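Asker: Following this line is my_file.cif, made up of mmCIF, C-alpha atoms and all ligand atoms:
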```
data_entry
loop_
_atom_site.label_atom_id
_atom_site.label_comp_id
_atom_site.auth_asym_id
_atom_site.auth_seq_id
_atom_site.Cartn_x
_atom_site.Cartn_y
_atom_site.Cartn_z
CA MET V 41 19.33 -10.51 24.96
CA GLY V 42 20.34 -7.37 23.04
CA VAL V 43 21.04 -7.15 19.35
CA GLY V 44 24.75 -6.71 20.12
CA ARG V 45 24.81 -10.09 21.90
CA ILE V 46 23.03 -11.79 19.02
CA LEU V 47 25.24 -10.31 16.33
CA GLY V 48 28.51 -10.49 18.16
CA GLY V 49 29.40 -9.85 21.77
CA ALA V 50 32.98 -9.39 22.95
CA HIS V 51 33.79 -13.06 22.32
CA SER V 52 31.96 -13.56 19.08
CA PRO V 53 33.83 -14.07 15.80
CA TYR V 54 31.35 -11.63 14.20
CA ARG V 55 32.70 -8.09 13.97
CA PRO V 56 30.35 -5.46 12.56
CA PRO V 57 32.10 -3.11 10.12
CA ALA V 58 33.24 -0.10 12.09
CA GLY V 59 34.76 3.28 11.51
CA ARG V 60 34.00 6.33 9.44
CA HIS V 61 34.41 4.56 6.12
CA SER V 62 32.65 1.23 6.71
CA PRO V 63 30.67 0.12 3.64
CA ALA V 64 27.35 0.32 5.48
CA ARG V 65 28.07 3.82 6.70
CA MET V 66 29.21 5.02 3.28
CA GLN V 67 26.07 3.54 1.71
CA ARG V 68 23.84 5.34 4.22
CA ARG V 69 25.67 8.61 3.59
CA ARG V 70 25.35 8.25 -0.19
CA MET V 71 21.60 7.61 0.17
CA HIS V 72 21.20 10.55 2.53
CA GLU V 73 22.92 12.90 0.11
CA ALA V 74 21.21 11.56 -3.04
CA PRO V 75 18.50 13.62 -4.70
CA ARG V 76 14.94 12.49 -3.84
CA LEU V 77 14.34 10.78 -7.17
CA VAL V 78 17.52 8.70 -6.87
CA ARG V 79 16.54 7.74 -3.33
CA ALA V 80 13.03 6.75 -4.42
CA THR V 81 14.41 4.64 -7.29
CA TYR V 82 16.88 2.94 -4.95
CA LEU V 83 14.13 2.08 -2.47
CA TRP V 84 11.87 0.81 -5.27
CA GLU V 85 14.59 -1.45 -6.70
CA THR V 86 15.93 -2.84 -3.46
CA GLY V 87 13.24 -2.56 -0.82
CA VAL V 88 16.04 -1.40 1.51
CA ARG V 89 14.71 1.10 3.97
CA ALA V 90 15.60 2.96 7.10
CA LEU V 91 15.12 1.25 10.44
CA HIS V 92 12.58 3.71 11.82
CA ASP V 93 8.78 3.42 11.45
CA HIS V 94 7.26 3.31 8.01
CA TYR V 95 3.66 3.28 6.93
CA PHE V 96 4.07 -0.44 6.24
CA SER V 97 5.47 -1.29 9.69
CA THR V 98 3.35 -4.06 11.18
CA GLN V 99 3.36 -2.44 14.62
CA PRO V 100 4.30 1.25 14.40
CA ASN V 101 6.08 2.49 17.53
CA SER V 102 5.58 6.20 16.98
CA GLN V 103 3.48 8.01 19.54
CA HIS V 104 -0.20 8.16 18.66
CA ARG V 105 -1.42 11.42 17.16
CA GLN V 106 -4.96 10.71 16.14
CA ARG V 107 -6.80 13.32 14.15
CA THR V 108 -9.90 13.57 12.02
CA ILE V 109 -9.51 14.67 8.42
CA SER V 110 -12.34 15.87 6.23
CA VAL V 111 -12.32 14.36 2.78
CA ARG V 112 -14.29 15.28 -0.33
CA ALA V 113 -13.95 12.92 -3.24
CA ARG V 114 -16.14 11.22 -5.81
CA GLY V 115 -19.09 13.41 -4.76
CA GLN V 116 -18.83 12.25 -1.13
CA ALA V 117 -17.98 14.24 1.99
CA LEU V 118 -16.71 12.21 4.93
CA ASP V 119 -14.57 12.39 8.03
CA LEU V 120 -11.79 9.85 8.51
CA VAL V 121 -9.67 9.13 11.59
CA THR V 122 -5.91 8.89 10.96
CA ASP V 123 -2.85 8.57 13.18
CA SER V 124 0.92 8.72 13.09
CA GLY V 125 2.60 5.65 11.60
CA VAL V 126 0.09 5.28 8.76
CA PHE V 127 0.20 6.36 5.12
CA SER V 128 -0.90 9.93 4.29
CA LYS V 129 -2.11 10.76 7.79
CA ARG V 130 -2.60 14.49 7.10
CA GLY V 131 -5.12 14.13 4.32
CA LEU V 132 -6.19 12.06 1.36
CA ASP V 133 -3.16 11.17 -0.75
CA PHE V 134 -3.22 12.70 -4.23
CA GLY V 135 -2.70 9.31 -5.88
CA THR V 136 -5.53 7.79 -3.84
CA ARG V 137 -7.77 10.62 -5.00
CA VAL V 138 -6.85 10.04 -8.65
CA LEU V 139 -7.64 6.34 -8.17
CA VAL V 140 -11.05 6.76 -6.50
CA GLU V 141 -12.11 9.36 -9.06
CA ALA V 142 -11.20 7.06 -11.98
CA VAL V 143 -12.43 3.66 -10.81
CA VAL V 144 -15.55 2.07 -12.31
CA LEU V 145 -16.84 -0.84 -10.23
CA PRO V 146 -19.65 -3.34 -10.64
CA GLU V 147 -22.78 -2.37 -8.68
CA ARG V 148 -22.53 -5.54 -6.57
CA GLY V 149 -19.86 -8.03 -5.59
CA LEU V 150 -16.72 -8.25 -3.50
CA MET V 151 -14.10 -5.52 -3.76
CA VAL V 152 -10.71 -5.75 -2.06
CA ASP V 153 -8.97 -2.63 -0.76
CA LEU V 154 -5.47 -4.12 -0.81
CA GLY V 155 -3.02 -2.23 1.41
CA CYS V 156 -6.00 -0.32 2.79
CA GLY V 157 -4.15 1.98 5.21
CA TYR V 158 -6.81 3.81 7.24
CA GLY V 159 -9.40 2.69 4.71
CA ALA V 160 -9.88 5.78 2.54
CA VAL V 161 -10.51 3.91 -0.73
CA ALA V 162 -13.16 1.60 0.72
CA ALA V 163 -14.73 4.33 2.87
CA ILE V 164 -15.30 6.51 -0.21
CA LEU V 165 -16.27 3.84 -2.73
CA ALA V 166 -18.53 1.85 -0.38
CA ARG V 167 -20.62 5.03 -0.24
CA VAL V 168 -20.59 5.47 -4.01
CA TYR V 169 -21.57 1.80 -4.52
CA PRO V 170 -23.92 1.07 -1.60
CA GLU V 171 -24.52 -2.56 -2.58
CA THR V 172 -20.89 -3.62 -2.80
CA HIS V 173 -19.07 -5.71 -0.18
CA TRP V 174 -15.52 -4.89 0.90
CA LEU V 175 -12.51 -6.71 2.24
CA LEU V 176 -9.75 -4.45 3.56
CA LEU V 177 -6.25 -5.94 3.92
CA ASP V 178 -3.08 -4.48 5.36
CA VAL V 179 -0.01 -5.48 7.37
CA ASN V 180 -0.05 -2.38 9.58
CA GLN V 181 -2.08 -3.06 12.74
CA ARG V 182 -2.53 0.62 13.52
CA ALA V 183 -3.89 1.28 10.04
CA LEU V 184 -6.27 -1.68 10.38
CA ASP V 185 -7.67 -0.37 13.67
CA LEU V 186 -8.35 2.98 12.00
CA ALA V 187 -9.87 1.31 8.92
CA ARG V 188 -12.28 -0.59 11.17
CA ARG V 189 -13.44 2.72 12.67
CA ASN V 190 -13.65 4.44 9.29
CA LEU V 191 -15.79 1.64 7.86
CA ALA V 192 -18.05 1.42 10.91
CA PHE V 193 -20.88 2.87 8.83
CA ALA V 194 -20.78 -0.31 6.73
CA THR V 195 -19.98 -3.10 9.20
CA ASP V 196 -22.50 -5.43 7.54
CA ARG V 197 -20.60 -5.27 4.24
CA ALA V 198 -16.98 -4.49 5.16
CA GLN V 199 -14.40 -6.76 6.80
CA VAL V 200 -10.95 -5.63 7.89
CA LEU V 201 -8.18 -8.23 8.09
CA LYS V 202 -4.49 -8.28 8.90
CA SER V 203 -2.85 -9.91 5.92
CA ASP V 204 0.41 -9.84 4.01
CA GLY V 205 -0.99 -9.60 0.51
CA PHE V 206 -3.71 -12.26 0.30
CA ALA V 207 -1.93 -14.68 2.66
CA GLY V 208 -4.61 -14.17 5.34
CA ALA V 209 -7.45 -14.31 2.80
CA ASP V 210 -6.61 -17.48 0.97
CA GLU V 211 -10.09 -18.43 -0.22
CA VAL V 212 -11.10 -15.02 -1.50
CA LEU V 213 -12.22 -14.56 -5.08
CA ALA V 214 -12.91 -10.88 -5.75
CA ASP V 215 -14.65 -8.87 -8.45
CA ALA V 216 -12.17 -6.02 -8.13
CA VAL V 217 -8.95 -5.23 -6.29
CA LEU V 218 -7.88 -1.63 -5.69
CA LEU V 219 -4.26 -0.92 -4.96
CA ASN V 220 -2.23 2.18 -4.22
CA PRO V 221 0.91 0.08 -3.81
CA PRO V 222 3.47 0.35 -1.01
CA VAL V 223 6.23 1.55 -3.34
CA ARG V 224 8.54 2.09 -0.40
CA ALA V 225 8.36 -1.58 0.47
CA GLY V 226 10.20 -2.25 -2.82
CA LYS V 227 9.53 -3.68 -6.25
CA ALA V 228 9.53 -7.33 -5.14
CA THR V 229 6.66 -6.71 -2.71
CA VAL V 230 4.67 -4.60 -5.16
CA TYR V 231 5.02 -7.12 -7.98
CA ARG V 232 4.02 -9.93 -5.61
CA LEU V 233 0.85 -7.98 -4.77
CA PHE V 234 0.13 -7.73 -8.53
CA ARG V 235 0.49 -11.51 -8.94
CA GLU V 236 -1.57 -12.33 -5.85
CA SER V 237 -4.31 -9.97 -7.05
CA PHE V 238 -4.50 -11.86 -10.35
CA ASP V 239 -4.78 -15.16 -8.44
CA HIS V 240 -7.63 -13.77 -6.29
CA LEU V 241 -9.77 -12.29 -9.04
CA GLY V 242 -12.61 -14.16 -10.72
CA GLN V 243 -13.08 -14.23 -14.50
CA GLY V 244 -13.71 -10.68 -15.71
CA GLY V 245 -12.37 -9.29 -12.43
CA GLN V 246 -10.23 -6.17 -12.48
CA LEU V 247 -7.19 -4.88 -10.65
CA TRP V 248 -6.96 -1.09 -10.44
CA VAL V 249 -3.53 0.30 -9.62
CA VAL V 250 -2.42 3.89 -9.14
CA ILE V 251 1.27 4.64 -9.39
CA GLN V 252 3.38 7.70 -9.97
CA LYS V 253 5.33 7.90 -13.22
CA LYS V 254 8.53 8.77 -11.36
CA GLN V 255 7.99 5.83 -9.00
CA GLY V 256 7.97 3.29 -11.79
CA ALA V 257 4.57 3.49 -13.55
CA ASP V 258 6.04 2.34 -16.86
CA SER V 259 7.86 -0.68 -15.46
CA ALA V 260 4.84 -1.53 -13.28
CA ARG V 261 2.60 -1.44 -16.37
CA ALA V 262 5.02 -3.72 -18.23
CA GLU V 263 4.97 -6.17 -15.32
CA LEU V 264 1.16 -6.07 -15.19
CA GLY V 265 1.15 -6.85 -18.92
CA ARG V 266 3.09 -10.04 -18.19
CA ILE V 267 0.42 -11.11 -15.67
CA PHE V 268 -2.92 -9.91 -17.10
CA PRO V 269 -4.23 -10.42 -20.65
CA GLN V 270 -5.62 -6.89 -20.80
CA VAL V 271 -3.94 -3.81 -19.33
CA GLU V 272 -4.99 -0.24 -19.96
CA THR V 273 -3.84 3.11 -18.59
CA VAL V 274 -7.19 4.78 -18.02
CA GLU V 275 -6.15 8.03 -16.33
CA LYS V 276 -3.08 10.25 -16.03
CA SER V 277 -3.19 13.15 -13.62
CA GLY V 278 -0.48 15.12 -11.83
CA GLY V 279 2.16 12.50 -12.64
CA TYR V 280 -0.02 9.60 -11.44
CA HIS V 281 -1.21 6.83 -13.73
CA VAL V 282 -4.26 4.67 -13.08
CA ILE V 283 -3.87 1.24 -14.67
CA CYS V 284 -6.83 -1.09 -15.08
CA CYS V 285 -6.05 -4.78 -15.63
CA THR V 286 -8.68 -7.35 -16.55
CA LYS V 287 -8.54 -11.10 -16.00
CA TYR V 288 -10.29 -13.28 -18.59
C1 LIG V 301 0.64 3.62 -0.34
S1 LIG V 301 -0.19 2.99 1.05
C2 LIG V 301 -1.89 3.11 0.54
C3 LIG V 301 -2.86 3.16 1.71
C4 LIG V 301 -4.33 3.40 1.30
N1 LIG V 301 -4.80 2.40 0.36
C5 LIG V 301 -4.48 4.78 0.70
O1 LIG V 301 -4.57 4.88 -0.53
O2 LIG V 301 -4.49 5.76 1.47
C6 LIG V 301 0.18 1.26 0.94
C7 LIG V 301 -0.37 0.41 2.07
O3 LIG V 301 0.02 -0.94 1.82
C8 LIG V 301 0.30 -1.57 3.05
N2 LIG V 301 1.17 -2.72 2.80
C9 LIG V 301 2.53 -2.75 2.67
N3 LIG V 301 2.95 -4.00 2.44
C10 LIG V 301 1.84 -4.78 2.40
C11 LIG V 301 1.63 -6.17 2.22
N4 LIG V 301 2.65 -6.99 2.01
N5 LIG V 301 0.36 -6.63 2.28
C12 LIG V 301 -0.67 -5.80 2.51
N6 LIG V 301 -0.54 -4.47 2.69
C13 LIG V 301 0.70 -3.96 2.64
C14 LIG V 301 0.95 -0.47 3.87
O4 LIG V 301 0.91 -0.76 5.25
C15 LIG V 301 0.12 0.75 3.45
O5 LIG V 301 -0.96 0.94 4.32
#
```
As C-alpha cells, what does this structure read like?
Answerer:
Amino acid sequence: MGVGRILGGAHSPYRPPAGRHSPARMQRRRMHEAPRLVRATYLWETGVRALHDHYFSTQPNSQHRQRTISVRARGQALDLVTDSGVFSKRGLDFGTRVLVEAVVLPERGLMVDLGCGYGAVAAILARVYPETHWLLLDVNQRALDLARRNLAFATDRAQVLKSDGFAGADEVLADAVLLNPPVRAGKATVYRLFRESFDHLGQGGQLWVVIQKKQGADSARAELGRIFPQVETVEKSGGYHVICCTKY
C-alpha cells in the first residue's frame, strides 16, 4: 500500500494541503532560502529534517561509495573505511579531532563511543589507551558495519552495538562516554543522550562532549549543568567547545 493510500486515497476524508501556497510548501521554501545559521538553529530546535538520507538514518539508502581515509590524530596514524550515508565520510570531522586531542581517559575501564559513526573516536583512542575497553553505539546500521571493520584491530576489547542512545545497552556502567552529538537530529535527541549518559556512568565517570558554538554550545553547557554536578569547558578551538562533565 502506498503512502498516498495510507494518508488519503480518492475516497479518504484526509486531504493533504495542496497548491503553491500550502503551509508545508511555504515552510520548506522559507527553510531553503534561510541563511545556513538560521537553518541550523531551526533544525537544532525542532529536529525537523528533510526526508532524504541523513547520517543518523537507521538504514541509509544512498548508493555505497566506500573509501579509505588516512587519519593522523593524537600521535596516531591510521586508515579508516567510510561510506556514503555516514557522518564525515571524506575525512575526520574537525570537531571529532578537537575532541580526541582534548580527552583525558583513565588507563583502564569501559569507554563508550556514543553515536560512534564509523568509529573514529574509538579507533584513535583505543590505540592511545591500549588497556581500555570500548562499547560503540549508533542507530545507523551502515556506520556500525564500518565501525566493526575499523575496530577489527581491537576485537577483544571493542564491541559495536546498534542502539538508540543506551536503549540497547541497558546494563552498562561506563567510566567515560564520548559524544560528538547528532545536532541535526534536534535538541530533544541530543539532550536525551546527555541524560542517558549520566545514567550510564559510574561514580567519578565523565561525559566528554564536543559541540560547535554556533550549533548551541552555550545552551548545551547549561543543560549539562542541570544534569551533572561538575561541568567544565576544557578546550575551545575553531568554534568548537569540548565540555567535560563529571558524575559524583
Ligand atoms: C555527529 S555524528 C558523530 C559520529 C562520530 N562519533 C564521529 O565523531 O565521527 C553523530 C552520530 O550519532 C548517531 N546518532 C544519531 N542519533 C542517535 C541515537 N539516538 N543514538 C545513538 N546514536 C545516534 C548518528 O548516526 C551519527 O553517527
Asker: Quick one: residues within 8 Å of ligand LIG 301 (chain V), with all atoms listed in the file, as a ChimeraX atom specification?
Answerer: /V:95-98,126-128,132-133,135-137,153-161,177-180,183,202-206,218-223,225,229-230,233
Asker: Which distance in Å separates CA of Glu147 in chain V and CA of Ala257 in chain V, to one decimal?
Answerer: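 Taking CA of Glu147 in chain V as the start and CA of Ala257 in chain V as the end point, the length is 28.4 Å.
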Asker: For the atom pair CA of Val121 in chain V and CA of Ala163 in chain V, what is the interatomic distance in Å to one decimal place?
Answerer: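 One can read the CA of Val121 in chain V to CA of Ala163 in chain V distance as 11.2 Å.
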Asker: Counting all atoms listed in the file, figure out which residue out of V:Ala166, V:Val143, V:Ala117, V:Met151 gets nearest to Gly242 in chain V.
Answerer: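 Comparing V:Ala166, V:Val143, V:Ala117, V:Met151 against Gly242 in chain V, the winner is V:Met151.
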Asker: Between CA of Arg197 in chain V and CA of Leu150 in chain V, what is the distance, to one decimal in Å?
Answerer: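 CA of Arg197 in chain V sits 9.2 Å away from CA of Leu150 in chain V.
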Asker: Find the residues around Ile283 in chain V up to 7 Å (all atoms listed in the file counted), leave out those fewer than 5 positions away in its own chain, and share them as an NGL selection string.
Answerer: :V and (248-250 or 271-274)
Asker: Mind dumping the selected residues with C-alpha atoms as a short mmCIF file (atom, residue, chain, number, x, y, z; two decimals), keeping the file's coordinate frame?
Answerer:
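File written: selection-v4.cif
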```cif
data_model
loop_
_atom_site.label_atom_id
_atom_site.label_comp_id
_atom_site.auth_asym_id
_atom_site.auth_seq_id
_atom_site.Cartn_x
_atom_site.Cartn_y
_atom_site.Cartn_z
CA TRP V 248 -6.96 -1.09 -10.44
CA VAL V 249 -3.53 0.30 -9.62
CA VAL V 250 -2.42 3.89 -9.14
CA VAL V 271 -3.94 -3.81 -19.33
CA GLU V 272 -4.99 -0.24 -19.96
CA THR V 273 -3.84 3.11 -18.59
CA VAL V 274 -7.19 4.78 -18.02
#
```
Asker: Of the candidates V:Val144, V:Leu186, V:Ala162, V:Cys285, which shows the shortest atom-to-atom distance to Thr122 in chain V, using only C-alpha atoms?
Answerer: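 So, comparing all the options, the nearest one is V:Leu186.
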Asker: Using all atoms listed in the file, determine which residues lie at most 12 Å from Thr195 in chain V, disregarding the query and same-chain residues fewer than 2 positions distant; provide the list as a list of chain:residue names.
Answerer: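 Counting all atoms listed in the file, the residues come to V:Ala162, V:Ala163, V:Ala166, V:His173, V:Trp174, V:Leu175, V:Leu176, V:Ala187, V:Arg188, V:Arg189, V:Asn190, V:Leu191, V:Ala192, V:Phe193, V:Arg197, V:Ala198, V:Gln199, V:Val200.
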Asker: Give the answer as one residue: which of V:Leu139, V:Leu247, V:Leu165, V:Tyr231 has the shortest atom-to-atom distance to Gly278 in chain V, using only C-alpha atoms?
Answerer: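 Nearest candidate to Gly278 in chain V out of V:Leu139, V:Leu247, V:Leu165, V:Tyr231: V:Leu139.
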Asker: Measuring atom to atom with all atoms listed in the file, identify which of V:Ala142, V:Glu236, V:Lys227, V:Tyr169 is nearest to Gly208 in chain V.
Answerer: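 For Gly208 in chain V, the nearest of the given residues is V:Glu236.
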Asker: For Leu241 in chain V, list every protein, DNA or RNA residue within 10 Å, evaluated using all atoms listed in the file, and leave out those in the same chain fewer than 5 positions away; present the list as an MDAnalysis selection string.
Answerer: chainID V and resid 150:152 212:217 236 246:247 286:288
Asker: Output C-alpha atoms for every residue in the selection just made, as an mmCIF file, in the frame of the given file.
Answerer:
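The result, stored in part_25.cif:
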```cif
data_model
loop_
_atom_site.group_PDB
_atom_site.id
_atom_site.type_symbol
_atom_site.label_atom_id
_atom_site.label_comp_id
_atom_site.auth_asym_id
_atom_site.auth_seq_id
_atom_site.Cartn_x
_atom_site.Cartn_y
_atom_site.Cartn_z
ATOM 1 C CA LEU V 150 -16.720 -8.250 -3.500
ATOM 2 C CA MET V 151 -14.100 -5.520 -3.760
ATOM 3 C CA VAL V 152 -10.710 -5.750 -2.060
ATOM 4 C CA VAL V 212 -11.100 -15.020 -1.500
ATOM 5 C CA LEU V 213 -12.220 -14.560 -5.080
ATOM 6 C CA ALA V 214 -12.910 -10.880 -5.750
ATOM 7 C CA ASP V 215 -14.650 -8.870 -8.450
ATOM 8 C CA ALA V 216 -12.170 -6.020 -8.130
ATOM 9 C CA VAL V 217 -8.950 -5.230 -6.290
ATOM 10 C CA GLU V 236 -1.570 -12.330 -5.850
ATOM 11 C CA GLN V 246 -10.230 -6.170 -12.480
ATOM 12 C CA LEU V 247 -7.190 -4.880 -10.650
ATOM 13 C CA THR V 286 -8.680 -7.350 -16.550
ATOM 14 C CA LYS V 287 -8.540 -11.100 -16.000
ATOM 15 C CA TYR V 288 -10.290 -13.280 -18.590
#
```
Asker: Between V:Glu141, V:Gly265, V:Arg167, V:Gln106, which is the closest to Asp185 in chain V once you count only C-alpha atoms?
Answerer: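 Of V:Glu141, V:Gly265, V:Arg167, V:Gln106, the one nearest Asp185 in chain V, counting only C-alpha atoms, is V:Gln106.
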Asker: Provide range 194-212 of chain V rebuilt to N, CA and C atoms, formatted as a PDB file, in the frame of the given file.
Answerer:
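Output file out16.pdb is given in full below:
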```
ATOM      1  N   ALA V 194     -20.433   0.773   7.652  1.00  0.00           N
ATOM      2  CA  ALA V 194     -20.780  -0.310   6.730  1.00  0.00           C
ATOM      3  C   ALA V 194     -20.350  -1.665   7.271  1.00  0.00           C
ATOM      4  N   THR V 195     -20.509  -1.863   8.588  1.00  0.00           N
ATOM      5  CA  THR V 195     -19.980  -3.100   9.200  1.00  0.00           C
ATOM      6  C   THR V 195     -20.612  -4.356   8.597  1.00  0.00           C
ATOM      7  N   ASP V 196     -21.846  -4.234   8.104  1.00  0.00           N
ATOM      8  CA  ASP V 196     -22.500  -5.430   7.540  1.00  0.00           C
ATOM      9  C   ASP V 196     -21.940  -5.799   6.174  1.00  0.00           C
ATOM     10  N   ARG V 197     -21.131  -4.930   5.578  1.00  0.00           N
ATOM     11  CA  ARG V 197     -20.600  -5.270   4.240  1.00  0.00           C
ATOM     12  C   ARG V 197     -19.117  -4.924   4.098  1.00  0.00           C
ATOM     13  N   ALA V 198     -18.426  -4.753   5.224  1.00  0.00           N
ATOM     14  CA  ALA V 198     -16.980  -4.490   5.160  1.00  0.00           C
ATOM     15  C   ALA V 198     -16.277  -5.304   6.245  1.00  0.00           C
ATOM     16  N   GLN V 199     -15.197  -5.981   5.837  1.00  0.00           N
ATOM     17  CA  GLN V 199     -14.400  -6.760   6.800  1.00  0.00           C
ATOM     18  C   GLN V 199     -12.960  -6.287   6.698  1.00  0.00           C
ATOM     19  N   VAL V 200     -12.329  -6.134   7.848  1.00  0.00           N
ATOM     20  CA  VAL V 200     -10.950  -5.630   7.890  1.00  0.00           C
ATOM     21  C   VAL V 200     -10.068  -6.736   8.443  1.00  0.00           C
ATOM     22  N   LEU V 201      -9.014  -7.076   7.708  1.00  0.00           N
ATOM     23  CA  LEU V 201      -8.180  -8.230   8.090  1.00  0.00           C
ATOM     24  C   LEU V 201      -6.699  -7.899   8.025  1.00  0.00           C
ATOM     25  N   LYS V 202      -5.951  -8.395   8.999  1.00  0.00           N
ATOM     26  CA  LYS V 202      -4.490  -8.280   8.900  1.00  0.00           C
ATOM     27  C   LYS V 202      -3.993  -9.346   7.938  1.00  0.00           C
ATOM     28  N   SER V 203      -3.297  -8.926   6.908  1.00  0.00           N
ATOM     29  CA  SER V 203      -2.850  -9.910   5.920  1.00  0.00           C
ATOM     30  C   SER V 203      -1.694  -9.348   5.100  1.00  0.00           C
ATOM     31  N   ASP V 204      -0.682 -10.172   4.925  1.00  0.00           N
ATOM     32  CA  ASP V 204       0.410  -9.840   4.010  1.00  0.00           C
ATOM     33  C   ASP V 204      -0.055 -10.245   2.621  1.00  0.00           C
ATOM     34  N   GLY V 205      -0.341  -9.286   1.776  1.00  0.00           N
ATOM     35  CA  GLY V 205      -0.990  -9.600   0.510  1.00  0.00           C
ATOM     36  C   GLY V 205      -2.279 -10.355   0.800  1.00  0.00           C
ATOM     37  N   PHE V 206      -2.493 -11.464   0.089  1.00  0.00           N
ATOM     38  CA  PHE V 206      -3.710 -12.260   0.300  1.00  0.00           C
ATOM     39  C   PHE V 206      -3.443 -13.456   1.216  1.00  0.00           C
ATOM     40  N   ALA V 207      -2.279 -13.489   1.870  1.00  0.00           N
ATOM     41  CA  ALA V 207      -1.930 -14.680   2.660  1.00  0.00           C
ATOM     42  C   ALA V 207      -2.983 -14.990   3.724  1.00  0.00           C
ATOM     43  N   GLY V 208      -3.586 -13.963   4.302  1.00  0.00           N
ATOM     44  CA  GLY V 208      -4.610 -14.170   5.340  1.00  0.00           C
ATOM     45  C   GLY V 208      -6.008 -14.268   4.768  1.00  0.00           C
ATOM     46  N   ALA V 209      -6.119 -14.291   3.437  1.00  0.00           N
ATOM     47  CA  ALA V 209      -7.450 -14.310   2.800  1.00  0.00           C
ATOM     48  C   ALA V 209      -7.398 -15.280   1.633  1.00  0.00           C
ATOM     49  N   ASP V 210      -6.933 -16.452   1.955  1.00  0.00           N
ATOM     50  CA  ASP V 210      -6.610 -17.480   0.970  1.00  0.00           C
ATOM     51  C   ASP V 210      -7.733 -17.823   0.002  1.00  0.00           C
ATOM     52  N   GLU V 211      -8.946 -17.911   0.553  1.00  0.00           N
ATOM     53  CA  GLU V 211     -10.090 -18.430  -0.220  1.00  0.00           C
ATOM     54  C   GLU V 211     -10.771 -17.360  -1.068  1.00  0.00           C
ATOM     55  N   VAL V 212     -10.347 -16.131  -0.902  1.00  0.00           N
ATOM     56  CA  VAL V 212     -11.100 -15.020  -1.500  1.00  0.00           C
ATOM     57  C   VAL V 212     -11.000 -14.995  -3.010  1.00  0.00           C
TER      58      VAL V 212
END
```
